[in-house]
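Raw upload_32.cif, mmCIF, C-alpha atoms:
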data_coords
loop_
_atom_site.label_atom_id
_atom_site.label_comp_id
_atom_site.auth_asym_id
_atom_site.auth_seq_id
_atom_site.Cartn_x
_atom_site.Cartn_y
_atom_site.Cartn_z
CA MET A 1471 -40.01 -6.08 -71.99
CA LYS A 1472 -41.30 -2.73 -70.81
CA THR A 1473 -42.18 -2.87 -67.16
CA THR A 1474 -43.77 -0.45 -64.74
CA LEU A 1475 -42.01 0.18 -61.47
CA THR A 1476 -43.33 2.06 -58.46
CA PHE A 1477 -41.21 3.87 -55.91
CA ALA A 1478 -42.56 5.06 -52.56
CA LEU A 1479 -40.35 7.81 -51.16
CA MET A 1480 -40.53 9.27 -47.68
CA ASP A 1481 -37.41 11.35 -47.03
CA PRO A 1482 -37.35 15.12 -47.42
CA PRO A 1483 -34.58 16.63 -49.53
CA PHE A 1484 -31.18 17.56 -48.11
CA GLU A 1485 -31.44 15.09 -45.21
CA SER A 1486 -30.34 11.73 -46.49
CA ALA A 1487 -28.43 10.05 -49.30
CA ARG A 1488 -31.45 7.79 -49.71
CA SER A 1489 -33.14 10.54 -51.73
CA THR A 1490 -30.22 10.68 -54.15
CA THR A 1491 -30.24 6.90 -54.43
CA ALA A 1492 -33.93 7.00 -55.24
CA PHE A 1493 -33.32 9.56 -58.01
CA ARG A 1494 -30.53 7.36 -59.41
CA LEU A 1495 -32.83 4.34 -59.50
CA ILE A 1496 -35.67 6.27 -61.12
CA ASP A 1497 -33.30 7.77 -63.69
CA LEU A 1498 -31.90 4.34 -64.53
CA ALA A 1499 -35.37 2.82 -64.85
CA LEU A 1500 -36.39 5.58 -67.28
CA ARG A 1501 -33.13 5.22 -69.24
CA ARG A 1502 -33.92 1.56 -69.69
CA GLY A 1503 -37.34 2.41 -71.06
CA HIS A 1504 -39.49 1.47 -68.11
CA ASP A 1505 -42.54 3.37 -66.95
CA VAL A 1506 -42.18 4.71 -63.42
CA ASN A 1507 -44.64 5.74 -60.74
CA VAL A 1508 -43.56 7.68 -57.69
CA PHE A 1509 -45.61 8.10 -54.54
CA ALA A 1510 -44.06 10.91 -52.50
CA TYR A 1511 -45.17 10.45 -48.92
CA GLU A 1512 -44.54 12.67 -45.89
CA GLY A 1513 -41.41 14.81 -46.25
CA ALA A 1514 -40.78 13.54 -49.77
CA VAL A 1515 -43.42 15.95 -51.07
CA TYR A 1516 -40.73 18.63 -50.66
CA LEU A 1517 -38.58 16.95 -53.30
CA ALA A 1518 -40.63 18.77 -55.95
CA PHE A 1519 -41.24 21.96 -53.99
CA ALA A 1520 -40.95 24.89 -56.37
CA GLY A 1521 -39.74 27.26 -53.66
CA GLN A 1522 -36.32 25.65 -53.33
CA LYS A 1523 -33.54 28.16 -53.91
CA ALA A 1524 -29.89 27.66 -54.68
CA HIS A 1525 -27.44 29.48 -52.44
CA ALA A 1526 -23.89 30.69 -52.39
CA ASN A 1527 -21.51 28.96 -50.01
CA SER A 1528 -19.14 31.10 -47.99
CA VAL A 1529 -17.37 28.04 -46.57
CA HIS A 1530 -16.60 26.92 -50.11
CA GLY A 1531 -15.91 30.51 -51.12
CA THR A 1532 -18.32 30.15 -54.03
CA SER A 1533 -20.99 32.35 -55.53
CA VAL A 1534 -24.48 31.08 -56.33
CA GLU A 1535 -23.36 30.40 -59.88
CA ASP A 1536 -20.10 28.71 -58.95
CA GLU A 1537 -21.66 26.63 -56.22
CA ASP A 1538 -24.36 25.33 -58.59
CA HIS A 1539 -26.18 23.95 -55.58
CA PRO A 1540 -28.28 20.91 -56.49
CA LEU A 1541 -32.02 21.29 -56.04
CA THR A 1542 -34.22 18.23 -56.01
CA ARG A 1543 -36.96 20.17 -57.77
CA ASP A 1544 -34.65 20.47 -60.77
CA TRP A 1545 -33.96 16.74 -60.68
CA VAL A 1546 -37.70 16.05 -60.60
CA THR A 1547 -38.16 18.32 -63.61
CA SER A 1548 -35.24 16.69 -65.40
CA LEU A 1549 -36.64 13.21 -64.80
CA HIS A 1550 -39.99 14.26 -66.24
CA GLU A 1551 -38.27 15.75 -69.28
CA ALA A 1552 -36.21 12.59 -69.70
CA ALA A 1553 -39.32 10.44 -69.53
CA GLY A 1554 -40.99 12.59 -72.17
CA ALA A 1555 -37.95 12.47 -74.44
CA ARG A 1556 -37.75 8.69 -74.21
CA GLY A 1557 -41.46 8.07 -74.59
CA THR A 1558 -41.77 6.53 -71.16
CA LYS A 1559 -44.18 7.54 -68.43
CA LEU A 1560 -43.27 9.14 -65.13
CA ASP A 1561 -46.34 9.55 -62.92
CA TRP A 1562 -45.20 11.39 -59.78
CA VAL A 1563 -47.88 11.79 -57.11
CA ASN A 1564 -47.45 13.96 -54.06
CA CYS A 1565 -49.58 12.86 -51.09
CA GLY A 1566 -52.07 15.72 -50.73
CA LEU A 1567 -52.42 15.63 -46.96
CA CYS A 1568 -48.63 15.57 -46.62
CA VAL A 1569 -48.46 18.63 -48.88
CA ASP A 1570 -51.09 20.50 -46.88
CA GLU A 1571 -49.59 19.88 -43.45
CA ARG A 1572 -46.23 21.13 -44.69
CA GLY A 1573 -47.48 23.99 -46.80
CA ALA A 1574 -45.57 22.54 -49.73
CA LEU A 1575 -48.26 23.74 -52.08
CA GLU A 1576 -46.17 24.85 -55.03
CA SER A 1577 -44.72 22.02 -57.03
CA VAL A 1578 -42.67 22.19 -60.19
CA ALA A 1579 -44.46 21.05 -63.35
CA GLY A 1580 -44.80 17.31 -63.68
CA PRO A 1581 -45.86 15.95 -60.30
CA ARG A 1582 -49.53 15.95 -59.41
CA ARG A 1583 -51.47 15.98 -56.18
CA GLY A 1584 -52.93 12.65 -55.14
CA SER A 1585 -53.62 10.32 -52.26
CA PRO A 1586 -52.84 6.83 -50.95
CA ALA A 1587 -55.55 5.62 -53.36
CA ASP A 1588 -53.10 6.42 -56.17
CA PHE A 1589 -50.45 4.41 -54.37
CA ALA A 1590 -52.88 1.49 -54.04
CA ARG A 1591 -53.51 1.66 -57.80
CA PHE A 1592 -49.78 1.93 -58.53
CA ILE A 1593 -49.14 -1.25 -56.54
CA GLU A 1594 -51.79 -3.12 -58.47
CA GLU A 1595 -50.65 -1.91 -61.87
CA SER A 1596 -46.88 -2.18 -61.39
CA HIS A 1597 -44.62 -5.14 -61.83
CA ASN A 1598 -42.98 -4.29 -58.54
CA THR A 1599 -42.83 -1.62 -55.86
CA LEU A 1600 -39.81 -0.40 -53.94
CA VAL A 1601 -40.31 1.43 -50.65
CA ILE A 1602 -37.47 3.77 -49.66
CA PRO A 1603 -38.55 4.91 -46.20
CA THR A 1604 -37.20 7.36 -43.71
CA THR A 1605 -35.16 5.40 -41.19
CA GLU A 1606 -33.47 6.27 -37.93
CA MET B 1163 -57.53 -10.26 -57.91
CA SER B 1164 -55.58 -7.69 -55.95
CA LYS B 1165 -51.99 -8.20 -54.92
CA LYS B 1166 -51.59 -9.26 -51.32
CA GLN B 1167 -49.24 -6.90 -49.52
CA LEU B 1168 -47.38 -7.11 -46.23
CA HIS B 1169 -46.36 -3.77 -44.78
CA ILE B 1170 -43.58 -3.96 -42.21
CA VAL B 1171 -43.10 -1.19 -39.68
CA ASP B 1172 -39.38 -1.37 -39.05
CA VAL B 1173 -38.87 2.15 -37.69
CA ALA B 1174 -40.99 2.92 -34.65
CA TYR B 1175 -42.28 6.22 -33.33
CA ARG B 1176 -41.40 7.99 -36.59
CA ALA B 1177 -43.11 11.37 -36.16
CA THR B 1178 -45.94 9.81 -34.15
CA LEU B 1179 -46.31 12.87 -31.93
CA GLU B 1180 -46.39 15.28 -34.86
CA GLU B 1181 -48.59 13.10 -37.03
CA GLN B 1182 -50.80 11.82 -34.17
CA ASP B 1183 -50.30 8.29 -35.47
CA ASP B 1184 -47.70 6.06 -37.06
CA PRO B 1185 -47.59 7.16 -40.73
CA VAL B 1186 -47.33 3.58 -42.01
CA VAL B 1187 -50.24 2.33 -39.89
CA TRP B 1188 -52.15 5.37 -41.16
CA LEU B 1189 -51.19 4.50 -44.73
CA CYS B 1190 -52.41 0.92 -44.19
CA HIS B 1191 -55.80 2.33 -43.17
CA ALA B 1192 -55.88 4.50 -46.29
CA LEU B 1193 -54.77 1.69 -48.61
CA ARG B 1194 -57.34 -0.64 -47.09
CA GLY B 1195 -59.97 2.03 -47.67
CA ALA B 1196 -58.86 2.13 -51.31
CA GLY B 1197 -59.49 -1.61 -51.61
CA ALA B 1198 -56.00 -2.99 -51.04
CA SER B 1199 -55.45 -6.46 -49.65
CA LEU B 1200 -52.82 -6.06 -46.99
CA GLU B 1201 -51.49 -7.17 -43.65
CA LEU B 1202 -49.17 -5.52 -41.15
CA LEU B 1203 -46.08 -6.73 -39.31
CA LEU B 1204 -44.60 -4.83 -36.38
CA CYS B 1205 -40.96 -5.51 -35.67
CA GLY B 1206 -38.17 -3.98 -33.62
CA ASN B 1207 -39.34 -1.20 -31.35
CA ALA B 1208 -42.67 -1.06 -33.19
CA VAL B 1209 -43.81 -4.17 -31.30
CA ALA B 1210 -44.56 -1.74 -28.44
CA TYR B 1211 -47.46 -0.38 -30.51
CA GLY B 1212 -49.39 -3.47 -29.45
CA VAL B 1213 -49.08 -3.03 -25.69
CA ARG B 1214 -52.56 -2.30 -24.33
CA ALA B 1215 -51.58 -0.36 -21.24
CA GLN B 1216 -49.93 2.57 -22.91
CA GLY B 1217 -50.82 6.17 -23.26
CA VAL B 1218 -49.21 9.41 -24.20
CA ALA B 1219 -50.03 12.76 -22.75
CA PRO B 1220 -50.77 15.55 -25.20
CA LEU B 1221 -47.81 17.75 -26.01
CA ALA B 1222 -47.61 21.18 -24.45
CA PHE B 1223 -45.17 23.88 -25.49
CA GLY B 1224 -45.65 27.22 -23.78
CA ALA B 1225 -49.36 27.95 -23.61
CA ARG B 1226 -50.12 25.78 -26.60
CA GLN B 1227 -51.45 22.35 -25.59
CA GLN B 1228 -52.13 19.73 -28.20
CA GLN B 1229 -55.59 18.30 -27.61
CA ARG B 1230 -55.28 15.00 -29.42
CA ALA B 1231 -52.41 12.60 -28.79
CA PRO B 1232 -51.58 9.53 -30.86
CA ASP B 1233 -53.55 6.38 -30.08
CA LEU B 1234 -51.41 3.61 -31.50
CA THR B 1235 -53.30 0.70 -29.97
CA GLY B 1236 -56.59 2.28 -31.03
CA ASP B 1237 -55.29 2.57 -34.60
CA LEU B 1238 -54.29 -1.10 -34.56
CA THR B 1239 -57.66 -2.09 -33.11
CA ARG B 1240 -59.43 -0.24 -35.90
CA LEU B 1241 -57.16 -1.86 -38.48
CA LEU B 1242 -57.99 -5.31 -37.09
CA ALA B 1243 -61.66 -4.41 -37.32
CA LYS B 1244 -61.14 -3.80 -41.04
CA GLN B 1245 -60.08 -7.45 -41.38
CA VAL B 1246 -56.40 -6.55 -41.65
CA ALA B 1247 -54.27 -9.17 -39.92
CA CYS B 1248 -51.60 -7.62 -37.70
CA TYR B 1249 -48.52 -9.49 -36.53
CA TYR B 1250 -45.63 -8.71 -34.24
CA VAL B 1251 -42.25 -10.40 -33.91
CA GLU B 1252 -42.29 -12.31 -30.63
CA ASP B 1253 -38.51 -12.33 -30.28
CA ASP B 1254 -38.41 -8.53 -30.55
CA ALA B 1255 -41.06 -8.24 -27.82
CA LEU B 1256 -39.21 -10.65 -25.53
CA GLU B 1257 -35.92 -8.79 -26.02
CA ARG B 1258 -37.69 -5.64 -24.84
CA GLY B 1259 -39.28 -7.29 -21.80
CA ILE B 1260 -42.76 -7.15 -23.31
CA ASP B 1261 -44.91 -10.09 -22.26
CA SER B 1262 -47.31 -11.52 -24.81
CA SER B 1263 -50.14 -11.19 -22.27
CA TRP B 1264 -49.77 -7.41 -22.47
CA MET B 1265 -50.54 -7.34 -26.17
CA LEU B 1266 -53.71 -6.21 -27.85
CA ASP B 1267 -56.30 -8.93 -28.50
CA GLY B 1268 -56.17 -10.02 -32.10
CA LEU B 1269 -52.52 -9.15 -32.60
CA VAL B 1270 -50.69 -12.32 -33.62
CA GLY B 1271 -47.18 -13.07 -32.38
CA ILE B 1272 -44.80 -14.77 -34.76
CA ALA B 1273 -41.33 -16.11 -34.07
CA ARG B 1274 -38.50 -14.53 -36.03
CA ASP B 1275 -37.53 -17.86 -37.57
CA LYS B 1276 -41.06 -18.23 -38.93
CA LEU B 1277 -40.93 -14.96 -40.85
CA PRO B 1278 -39.84 -16.56 -44.15
CA THR B 1279 -42.94 -18.75 -44.02
CA LEU B 1280 -45.07 -15.67 -43.37
CA PHE B 1281 -43.38 -13.72 -46.17
CA ALA B 1282 -44.07 -16.51 -48.65
CA GLY B 1283 -47.77 -15.71 -48.45
CA TYR B 1284 -47.56 -12.27 -50.08
CA ASP B 1285 -47.19 -10.88 -53.57
CA GLN B 1286 -45.34 -7.82 -52.31
CA ILE B 1287 -43.60 -6.90 -49.08
CA HIS B 1288 -43.13 -3.23 -48.26
CA ARG B 1289 -40.57 -2.60 -45.55
CA TRP B 1290 -40.91 0.86 -44.10
#
Whole structure given in structure tokens:
Amino acid sequence: MKTTLTFALMDPPFESARSTTAFRLIDLALRRGHDVNVFAYEGAVYLAFAGQKAHANSVHGTSVEDEDHPLTRDWVTSLHEAAGARGTKLDWVNCGLCVDERGALESVAGPRRGSPADFARFIEESHNTLVIPTTE
Amino acid sequence: MSKKQLHIVDVAYRATLEEQDDPVVWLCHALRGAGASLELLLCGNAVAYGVRAQGVAPLAFGARQQQRAPDLTGDLTRLLAKQVACYYVEDDALERGIDSSWMLDGLVGIARDKLPTLFAGYDQIHRW
């Protein structure tokens, strides 16, 4: 049975393994054919920020190319492409106020600007919702 | 019929000075405004949100003084006024030396061992 799952994310990128876990869960849900909603709240709006740049790493002794630094914006894009290829839906909403207060205005293609009203609708329309919050 | 949600604030004072509120309490206001049926549970250090006699001075860095500080009890009061039941874990308050008589009117204390009974009354529980 095709289900719809909602994820509420709160962590910014490059701060916590929780973000990576969230991406793993979303990827797995899409692989299994489920529709997925994401509500990116607070720092999580930076997960899709288009201004992220890969860097070289002098400690590793690697160039930009060799380092192949992971960028969450690329993962967001990849998840949207995967959803499209599998015929499933990924509706990724960035909280608009959270975007504004951080100046995270440029998002990669895929996510859209929204509000907690979208999250309220996601909760109603989903089979279940998983909150992955920022913790201490 | 809308799903009945319980939102649990498990991490207290998360960016409250920068955001001028608790972001989950704020989200509860916004969700309620969008028509959601929800209630709120404060646990751990977040039980302190319910203490009436609290205040925070506006931040000042250099010559820049922030004019508006967070008002956590005010935010809870306004949430209660929107018919959103708000609970706190009594055991967590006691462990922190917080007397129940200090708490905001309308805030309901609940013993930790009664939480499963409380949880059974919701379609979804969101632990933040």
Chain B contacts to chain A at 10 Å (all atoms listed in the file) as a PyMOL selection string: chain B and resi 1163-1167+1169+1172-1177+1181+1185-1186+1188-1199+1285-1290
What does the PyMOL selection byres ((chain A and resi 1516) around 7) select in this file, as a PyMOL selection string? chain A and resi 1482-1483+1513-1515+1517-1519+1574
Step by step, work through what the PyMOL selection byres ((chain B and resi 1201) around 6) selects in the shown file, and finish by giving those residues as a PyMOL selection string. chain B and resi 1168+1200+1202+1246-1248
Could you write out as a VMD selection string the residues that the PyMOL selection byres ((chain A and resi 1507) around 6) matches in the shown file? chain A and resid 1476 1506 1508 1560 to 1562
Create the file for the chosen residues now, containing C-alpha atoms and written as a PDB file, keeping the file's coordinate frame.
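The result, written out as result29.pdb:
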ATOM      1  CA  THR A1476     -43.330   2.060 -58.460  1.00  0.00           C
ATOM      2  CA  VAL A1506     -42.180   4.710 -63.420  1.00  0.00           C
ATOM      3  CA  VAL A1508     -43.560   7.680 -57.690  1.00  0.00           C
ATOM      4  CA  LEU A1560     -43.270   9.140 -65.130  1.00  0.00           C
ATOM      5  CA  ASP A1561     -46.340   9.550 -62.920  1.00  0.00           C
ATOM      6  CA  TRP A1562     -45.200  11.390 -59.780  1.00  0.00           C
TER       7      TRP A1562
END
Enter the distance from CA of Leu1269 in chain B to CA of Phe1477 in chain A, in Å, rounded to one decimal.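 That distance, rounded to one decimal, is 29.0 Å.
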Between CA of Lys1472 in chain A and CA of Arg1502 in chain A, measure the distance and give it in Å to one decimal.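 Going from CA of Lys1472 in chain A over to CA of Arg1502 in chain A, I get 8.6 Å.
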Separation of CA of Val1546 in chain A from CA of Ser1596 in chain A in Å: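 Result for CA of Ser1596 in chain A versus CA of Val1546 in chain A: 20.4 Å, one decimal.
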